[in-house]
file structure_26.cif (mmCIF, C-alpha atoms)
data_input
loop_
_atom_site.label_atom_id
_atom_site.label_comp_id
_atom_site.auth_asym_id
_atom_site.auth_seq_id
_atom_site.Cartn_x
_atom_site.Cartn_y
_atom_site.Cartn_z
CA MET K 1 -8.66 18.18 -23.00
CA ALA K 2 -5.53 16.31 -21.90
CA GLY K 3 -2.44 16.12 -24.06
CA ASP K 4 -0.53 13.04 -25.11
CA PRO K 5 -0.29 10.94 -21.92
CA TYR K 6 3.08 9.52 -22.96
CA GLN K 7 4.47 13.05 -23.30
CA GLU K 8 2.91 14.10 -19.99
CA LEU K 9 4.83 11.33 -18.19
CA GLY K 10 7.93 11.69 -20.35
CA VAL K 11 7.97 8.06 -21.53
CA SER K 12 8.01 6.42 -24.92
CA LYS K 13 5.05 4.55 -26.37
CA GLY K 14 7.00 1.33 -25.91
CA ALA K 15 7.60 1.94 -22.19
CA SER K 16 6.93 -0.95 -19.82
CA ALA K 17 4.35 -0.80 -17.02
CA ASP K 18 7.16 -0.44 -14.46
CA GLU K 19 8.73 2.43 -16.41
CA ILE K 20 5.38 4.21 -16.53
CA LYS K 21 4.83 3.70 -12.81
CA LYS K 22 8.33 4.96 -11.94
CA ALA K 23 7.90 8.02 -14.13
CA PHE K 24 4.58 8.86 -12.44
CA ARG K 25 5.99 8.35 -8.94
CA LYS K 26 8.92 10.68 -9.70
CA LEU K 27 6.72 13.42 -11.12
CA ALA K 28 4.07 13.02 -8.40
CA LYS K 29 6.69 13.58 -5.69
CA GLU K 30 7.92 16.73 -7.43
CA LEU K 31 4.50 18.19 -8.26
CA HIS K 32 2.27 17.11 -5.38
CA PRO K 33 0.25 20.10 -4.04
CA ASP K 34 1.49 19.44 -0.51
CA LYS K 35 5.04 20.16 -1.70
CA ASN K 36 3.99 23.13 -3.83
CA PRO K 37 1.38 25.03 -1.80
CA GLY K 38 -0.23 27.82 -3.79
CA ASP K 39 1.54 26.89 -7.04
CA LYS K 40 -1.34 26.66 -9.52
CA ALA K 41 0.94 25.61 -12.39
CA ALA K 42 2.28 22.68 -10.38
CA GLU K 43 -1.23 21.73 -9.33
CA GLU K 44 -2.47 21.73 -12.93
CA ARG K 45 0.54 19.68 -14.05
CA PHE K 46 -0.12 17.24 -11.19
CA LYS K 47 -3.68 16.82 -12.44
CA ARG K 48 -2.43 16.11 -15.95
CA ILE K 49 0.13 13.50 -14.93
CA THR K 50 -2.45 11.84 -12.66
CA ALA K 51 -4.89 11.65 -15.55
CA ALA K 52 -2.11 10.34 -17.81
CA PHE K 53 -1.23 7.61 -15.32
CA ASP K 54 -4.91 6.75 -14.89
CA LEU K 55 -4.92 5.98 -18.60
CA LEU K 56 -1.49 4.37 -19.12
CA GLY K 57 -1.35 2.63 -15.74
CA ASP K 58 -4.38 0.55 -16.69
CA ALA K 59 -3.39 -2.06 -19.29
CA GLU K 60 -6.89 -2.20 -20.81
CA LYS K 61 -7.25 1.58 -21.08
CA ARG K 62 -3.75 1.90 -22.51
CA ALA K 63 -4.47 -0.69 -25.19
CA LYS K 64 -7.70 1.10 -26.15
CA TYR K 65 -5.87 4.43 -26.36
CA ASP K 66 -3.09 2.95 -28.49
CA ARG K 67 -5.73 1.49 -30.84
CA GLY K 68 -7.48 4.86 -31.05
CA GLU K 69 -10.65 3.59 -29.37
CA ILE K 70 -10.50 6.25 -26.63
CA ASP K 71 -8.87 9.68 -26.49
CA ALA K 72 -6.45 11.08 -23.93
CA ASP K 73 -9.38 11.96 -21.66
CA GLY K 74 -10.59 8.37 -21.70
CA ARG K 75 -13.61 9.19 -23.85
CA GLU K 76 -14.71 6.67 -26.41
CA GLN K 77 -14.21 7.64 -30.03
CA PHE K 78 -17.81 7.68 -31.24
CA ARG K 79 -17.99 7.76 -35.00
CA GLY K 80 -21.06 8.37 -37.11
CA PHE K 81 -22.81 10.51 -34.44
CA GLY K 82 -22.35 13.99 -35.78
CA GLY K 83 -18.81 13.76 -37.17
CA ALA K 84 -15.35 13.75 -35.66
CA GLY K 85 -13.09 16.64 -34.85
CA GLN K 86 -9.40 17.00 -35.54
CA GLY K 87 -7.38 13.83 -35.01
CA GLY K 88 -10.50 11.62 -35.14
CA ARG K 89 -11.83 12.86 -31.76
CA PRO K 90 -15.53 13.59 -31.40
CA GLY K 91 -16.56 17.00 -32.66
CA GLY K 92 -19.34 19.26 -31.51
CA GLY K 93 -22.18 17.09 -32.81
CA GLY K 94 -23.71 13.85 -31.62
CA PHE K 95 -23.17 12.54 -28.08
CA GLY K 96 -19.85 14.36 -27.78
CA GLY K 97 -21.66 17.70 -27.59
CA PHE K 98 -23.32 16.56 -24.37
CA GLY K 99 -20.05 15.56 -22.69
CA PHE K 100 -20.91 11.85 -22.94
CA GLY K 101 -18.12 9.84 -21.26
CA GLY K 102 -16.50 12.99 -19.84
CA ARG K 103 -14.62 13.36 -16.57
CA GLY K 104 -16.09 14.88 -13.39
CA GLU K 105 -15.49 18.47 -12.39
CA GLY K 106 -12.50 19.52 -10.39
CA GLY K 107 -10.00 16.96 -11.65
CA PRO K 108 -8.40 14.62 -9.15
CA GLY K 109 -9.82 16.12 -5.97
CA GLY K 110 -9.61 14.92 -2.36
CA ARG K 111 -6.06 13.64 -2.56
CA ALA K 112 -4.36 12.29 0.56
CA SER K 113 -1.38 14.17 1.94
CA PHE K 114 1.99 13.62 0.30
CA ASP K 115 3.30 11.49 3.17
CA ASP K 116 0.37 9.07 2.92
CA ILE K 117 -0.12 8.87 -0.83
CA ASP K 118 1.36 6.10 -2.94
CA LEU K 119 -0.52 6.01 -6.26
CA GLU K 120 -3.87 7.58 -7.10
CA GLU K 121 -6.11 5.83 -9.55
CA ILE K 122 -8.70 8.37 -10.57
CA PHE K 123 -11.85 7.08 -12.23
CA GLY K 124 -13.81 9.47 -14.44
CA ALA K 125 -17.10 10.64 -12.98
CA PHE K 126 -19.01 9.31 -15.99
CA GLY K 127 -16.35 6.93 -17.28
CA GLY K 128 -16.98 4.28 -14.64
CA GLY K 129 -19.13 2.01 -16.80
CA ALA K 130 -21.98 0.26 -15.05
CA ARG K 131 -21.13 2.01 -11.81
CA ASN K 132 -22.53 5.26 -13.27
CA ALA K 133 -25.19 3.83 -15.57
CA GLY K 134 -28.50 5.63 -15.65
CA ARG K 135 -27.26 8.87 -14.11
CA GLY K 136 -28.07 10.99 -17.16
CA PHE K 137 -25.91 13.08 -19.47
CA GLY K 138 -25.25 16.03 -17.17
CA GLY K 139 -24.13 14.34 -13.98
CA GLY K 140 -22.27 11.41 -12.56
CA ARG K 141 -20.60 9.93 -9.56
CA GLY K 142 -17.57 11.79 -8.25
CA GLN K 143 -14.07 10.49 -8.55
CA ASP K 144 -12.69 7.89 -6.16
CA VAL K 145 -9.46 8.71 -4.39
CA ARG K 146 -6.88 6.05 -3.59
CA ALA K 147 -4.14 6.40 -1.00
CA THR K 148 -1.94 4.18 1.15
CA LEU K 149 -1.64 4.37 4.92
CA ASP K 150 1.41 3.04 6.76
CA ILE K 151 0.58 1.33 10.06
CA SER K 152 2.58 -0.62 12.62
CA LEU K 153 2.31 -4.36 13.08
CA GLU K 154 0.85 -3.79 16.56
CA ASP K 155 -1.86 -1.50 15.16
CA ALA K 156 -2.73 -4.04 12.47
CA ILE K 157 -3.22 -6.76 15.07
CA ALA K 158 -4.99 -4.80 17.80
CA GLY K 159 -6.83 -2.24 15.63
CA THR K 160 -6.76 1.53 16.09
CA THR K 161 -7.88 4.83 14.56
CA ARG K 162 -5.56 6.90 12.39
CA ARG K 163 -6.12 10.35 10.93
CA ILE K 164 -5.27 11.40 7.37
CA GLN K 165 -5.19 15.00 6.20
CA PHE K 166 -6.07 15.63 2.56
CA SER K 167 -4.66 18.46 0.49
CA ASP K 168 -7.97 20.32 0.60
CA GLY K 169 -7.65 20.55 4.39
CA ARG K 170 -10.13 17.82 5.26
CA MET K 171 -9.20 15.50 8.11
CA LEU K 172 -10.47 11.93 7.85
CA ASP K 173 -10.41 9.40 10.68
CA VAL K 174 -9.65 5.93 9.39
CA THR K 175 -10.66 3.03 11.62
CA ILE K 176 -8.15 0.19 11.35
CA PRO K 177 -10.04 -3.00 12.20
CA LYS K 178 -8.60 -5.57 14.56
CA GLY K 179 -6.76 -8.20 12.55
CA ALA K 180 -6.03 -5.98 9.53
CA SER K 181 -3.75 -7.53 6.91
CA GLU K 182 -1.23 -6.22 4.38
CA GLY K 183 -2.89 -4.71 1.32
CA GLN K 184 -6.36 -4.56 2.88
CA THR K 185 -8.41 -1.65 1.51
CA ILE K 186 -10.73 0.44 3.66
CA ARG K 187 -13.52 2.26 1.83
CA LEU K 188 -14.74 5.59 3.19
CA LYS K 189 -18.00 6.11 1.31
CA GLY K 190 -18.71 9.59 0.03
CA GLN K 191 -15.29 10.94 1.06
CA GLY K 192 -13.87 11.20 -2.44
CA ALA K 193 -14.28 14.01 -4.95
CA PRO K 194 -17.75 15.57 -5.35
CA GLY K 195 -19.71 14.53 -8.42
CA ARG K 196 -21.27 16.77 -11.03
CA GLY K 197 -24.88 16.66 -10.00
CA GLY K 198 -24.41 13.20 -8.50
CA GLN K 199 -23.05 11.56 -5.38
CA ALA K 200 -19.45 11.99 -4.23
CA GLY K 201 -16.86 9.30 -4.86
CA ASP K 202 -15.22 7.21 -2.16
CA ALA K 203 -11.83 7.33 -0.48
CA LEU K 204 -10.07 3.97 -0.77
CA ILE K 205 -7.29 3.58 1.80
CA GLU K 206 -4.89 0.68 1.29
CA LEU K 207 -3.12 -0.48 4.44
CA ARG K 208 0.60 -1.10 4.37
CA ILE K 209 2.20 -2.75 7.43
CA GLN K 210 5.64 -1.37 8.17
CA PRO K 211 8.66 -3.63 8.85
CA HIS K 212 9.13 -4.46 12.54
CA PRO K 213 12.49 -4.36 14.35
CA VAL K 214 11.89 -7.72 16.07
CA PHE K 215 9.32 -9.71 14.11
CA LYS K 216 9.31 -10.72 10.46
CA ARG K 217 6.08 -11.61 8.70
CA ASP K 218 5.69 -14.89 6.84
CA GLY K 219 2.10 -14.89 5.68
CA ALA K 220 0.02 -15.04 8.85
CA ASP K 221 2.98 -16.24 10.93
CA LEU K 222 5.65 -14.16 12.62
CA THR K 223 9.26 -15.25 13.09
CA MET K 224 11.91 -13.91 15.45
CA ASP K 225 15.33 -14.69 16.88
CA LEU K 226 15.21 -15.31 20.64
CA PRO K 227 18.49 -14.94 22.55
CA VAL K 228 18.96 -17.62 25.23
CA SER K 229 21.68 -17.78 27.88
CA VAL K 230 23.97 -20.81 28.15
CA PRO K 231 22.52 -21.92 31.53
CA ASP K 232 18.94 -21.71 30.22
CA ALA K 233 19.90 -23.65 27.08
CA VAL K 234 21.67 -26.36 29.10
CA LEU K 235 19.35 -26.64 32.08
CA GLY K 236 16.07 -25.42 30.60
CA GLY K 237 13.81 -22.89 32.29
CA LYS K 238 11.26 -20.17 31.77
CA ILE K 239 12.21 -16.97 29.95
CA GLN K 240 10.36 -13.85 28.88
CA VAL K 241 9.46 -13.67 25.19
CA PRO K 242 8.24 -10.50 23.42
CA THR K 243 5.04 -10.70 21.37
CA PRO K 244 3.14 -7.98 19.48
CA GLU K 245 0.74 -7.74 22.44
CA GLY K 246 3.33 -7.76 25.23
CA ALA K 247 5.80 -10.17 26.81
CA VAL K 248 4.82 -13.70 27.85
CA MET K 249 6.68 -16.48 29.65
CA MET K 250 7.81 -19.50 27.65
CA THR K 251 9.52 -22.73 28.76
CA ILE K 252 12.87 -23.53 27.16
CA PRO K 253 13.44 -27.30 27.05
CA LYS K 254 16.53 -28.70 28.70
CA GLY K 255 19.46 -29.11 26.29
CA SER K 256 18.20 -26.66 23.66
CA ASN K 257 20.57 -25.71 20.83
CA SER K 258 20.70 -22.61 18.66
CA GLY K 259 18.31 -22.97 15.74
CA LYS K 260 15.63 -24.83 17.68
CA VAL K 261 12.23 -23.26 16.91
CA LEU K 262 9.53 -22.93 19.55
CA ARG K 263 5.95 -22.08 18.57
CA LEU K 264 3.61 -19.69 20.37
CA LYS K 265 0.19 -20.49 18.92
CA GLY K 266 -2.10 -17.62 18.01
CA ARG K 267 0.52 -14.93 18.62
CA GLY K 268 1.26 -14.14 14.99
CA ALA K 269 -0.14 -11.69 12.45
CA TYR K 270 -3.30 -11.90 10.34
CA ALA K 271 -3.74 -12.95 6.72
CA ASN K 272 -7.03 -13.76 4.95
CA GLY K 273 -8.90 -13.45 8.22
CA ARG K 274 -6.74 -16.04 10.00
CA ARG K 275 -4.27 -15.39 12.81
CA GLY K 276 -0.99 -17.23 12.61
CA ASP K 277 1.63 -18.28 15.16
CA LEU K 278 4.83 -16.74 16.51
CA MET K 279 7.90 -18.86 15.71
CA ALA K 280 10.80 -18.15 18.06
CA LYS K 281 14.19 -19.43 16.88
CA LEU K 282 16.59 -19.92 19.79
CA VAL K 283 20.01 -18.29 19.61
CA VAL K 284 22.30 -19.44 22.44
CA THR K 285 24.19 -16.31 23.43
CA LEU K 286 27.33 -15.75 25.50
CA PRO K 287 27.64 -12.73 27.80
CA GLU K 288 29.19 -9.61 26.27
CA THR K 289 31.82 -9.51 29.04
CA PRO K 290 33.81 -12.77 29.42
CA ASP K 291 32.90 -14.63 32.59
CA ASP K 292 35.98 -16.09 34.32
CA GLU K 293 34.06 -18.95 35.91
CA LEU K 294 32.47 -19.90 32.58
CA VAL K 295 35.85 -19.78 30.84
CA ARG K 296 37.37 -22.00 33.55
CA PHE K 297 34.52 -24.50 33.33
CA ALA K 298 34.69 -24.64 29.54
CA THR K 299 38.46 -25.17 29.63
CA GLU K 300 38.20 -28.05 32.09
CA TRP K 301 35.22 -29.55 30.28
CA ARG K 302 37.01 -29.49 26.94
CA GLU K 303 40.04 -31.20 28.46
CA ARG K 304 37.95 -33.89 30.16
CA ARG K 305 35.43 -34.56 27.42
CA PRO K 306 36.35 -33.20 24.01
CA TYR K 307 33.21 -32.35 22.04
CA LYS K 308 33.01 -31.88 18.29
CA PRO K 309 29.61 -30.67 16.99
CA GLY K 310 28.10 -33.02 14.42
CA ARG K 311 30.12 -36.04 15.57
#

call {"tool": "encode", "arguments": {"input": "structure_26.cif", "output": "structure tokens"}}
result
Amino acid sequence: MAGDPYQELGVSKGASADEIKKAFRKLAKELHPDKNPGDKAAEERFKRITAAFDLLGDAEKRAKYDRGEIDADGREQFRGFGGAGQGGRPGGGGFGGFGFGGRGEGGPGGRASFDDIDLEEIFGAFGGGARNAGRGFGGGRGQDVRATLDISLEDAIAGTTRRIQFSDGRMLDVTIPKGASEGQTIRLKGQGAPGRGGQAGDALIELRIQPHPVFKRDGADLTMDLPVSVPDAVLGGKIQVPTPEGAVMMTIPKGSNSGKVLRLKGRGAYANGRRGDLMAKLVVTLPETPDDELVRFATEWRERRPYKPGR
């Protein structure tokens, strides 16, 4: 049976949701099995803090626990079915003696590797409500495992296959669909923890698109700064523009100023199943090394026709 979940995470009962999440993250990084191979004590502690966060990280479960409606294991406090044990928890009689509402065997199994994991939300093998209804007292669906997978913007747009190694040694290939979006969850059925006499849980992989050195995401659209030479800005012309799928040629209108935005339709990212556009903001750029001819022209031009921007 789990201890006080607040004590397990080292937070007060009045702690905010963010404080609880930060406490779990800190402990998970210290105790994760991938950082403590062979350390059974660390592994057991990791299981306890994961179970504690499963309870306190869910606002509804936390409220029920605080009201005494469920215990630290997430089991409902059945009263009048054979008596209660110490602290009001179910004793040996009634439904409690059959493990009604208990957690699956093995604790939080099938975790993703430390580099891939963000937060695990472990659901009890028999505590999943309607999802496990009708499975009988002795069995239940295995626990789901949640992890995050960092992917590049290019992989999100084009699709790819990535491999995750779990702490139990299993290697899972995750197919990233073409047009994947930030926060999209991929379900690998039956790849979670094994159930007790029932089917295994699922692995739920949440995709997280990493920041790009050139493009910035704005919903489905991408934005970028596009350096343009003085001659191209003044005279116009075709220049090469990078996109997530390779460079393309784009026409710069004659007399273009810095800040002008040109749109490349259908070259953006994806959001809600829709592909956006690439917005290229022109930045007129001088050469790194001063050009004597350009300096001479600018000097003569300023003397002949003084120009004040905005006037």

call {"tool": "atom_distance", "arguments": {"input": "structure_26.cif", "atom1": "CA of Leu226 in chain K", "atom2": "CA of Glu293 in chain K"}}
result
24.5 Å

call {"tool": "resolve_selection", "arguments": {"input": "structure_26.cif", "expression": "the PyMOL selection byres ((chain K and resi 57) around 10)", "output": "list in words"}}
result
Ser16, Ala17, Asp18, Ile20, Lys21, Phe24, Thr50, Ala51, Ala52, Phe53, Asp54, Leu55, Leu56, Asp58, Ala59, Glu60, Lys61, Arg62 and Glu121 of chain K

call {"tool": "atom_distance", "arguments": {"input": "structure_26.cif", "atom1": "CA of Gly169 in chain K", "atom2": "CA of Arg196 in chain K"}}
result
20.9 Å

call {"tool": "closest_atom_pairs", "arguments": {"input": "structure_26.cif", "of": "range 198-229 of chain K", "to": "range 281-291 of chain K", "cutoff": "8 Å", "atoms": "only C-alpha atoms", "output": "tab-separated table"}}
result
residue	atom	partner	partner_atom	distance
K:Thr223	CA	K:Lys281	CA	7.5
K:Met224	CA	K:Lys281	CA	6.1
K:Asp225	CA	K:Lys281	CA	4.9
K:Leu226	CA	K:Leu282	CA	4.9
K:Pro227	CA	K:Val283	CA	4.7
K:Val228	CA	K:Val284	CA	4.7
K:Ser229	CA	K:Thr285	CA	5.3

call {"tool": "residues_around", "arguments": {"input": "structure_26.cif", "residues": "range 152-159 of chain K", "least_positions_apart": "4", "cutoff": "12 Å", "atoms": "only C-alpha atoms", "output": "count of residues only"}}
result
38

call {"tool": "atom_distance", "arguments": {"input": "structure_26.cif", "atom1": "CA of Leu278 in chain K", "atom2": "CA of Lys265 in chain K"}}
result
6.4 Å

call {"tool": "resolve_selection", "arguments": {"input": "structure_26.cif", "expression": "the PyMOL selection byres ((chain K and resi 32) around 8)", "output": "JSON, numbers by chain"}}
result
{"K": [28, 29, 30, 31, 33, 34, 35, 36, 42, 43, 46, 114]}
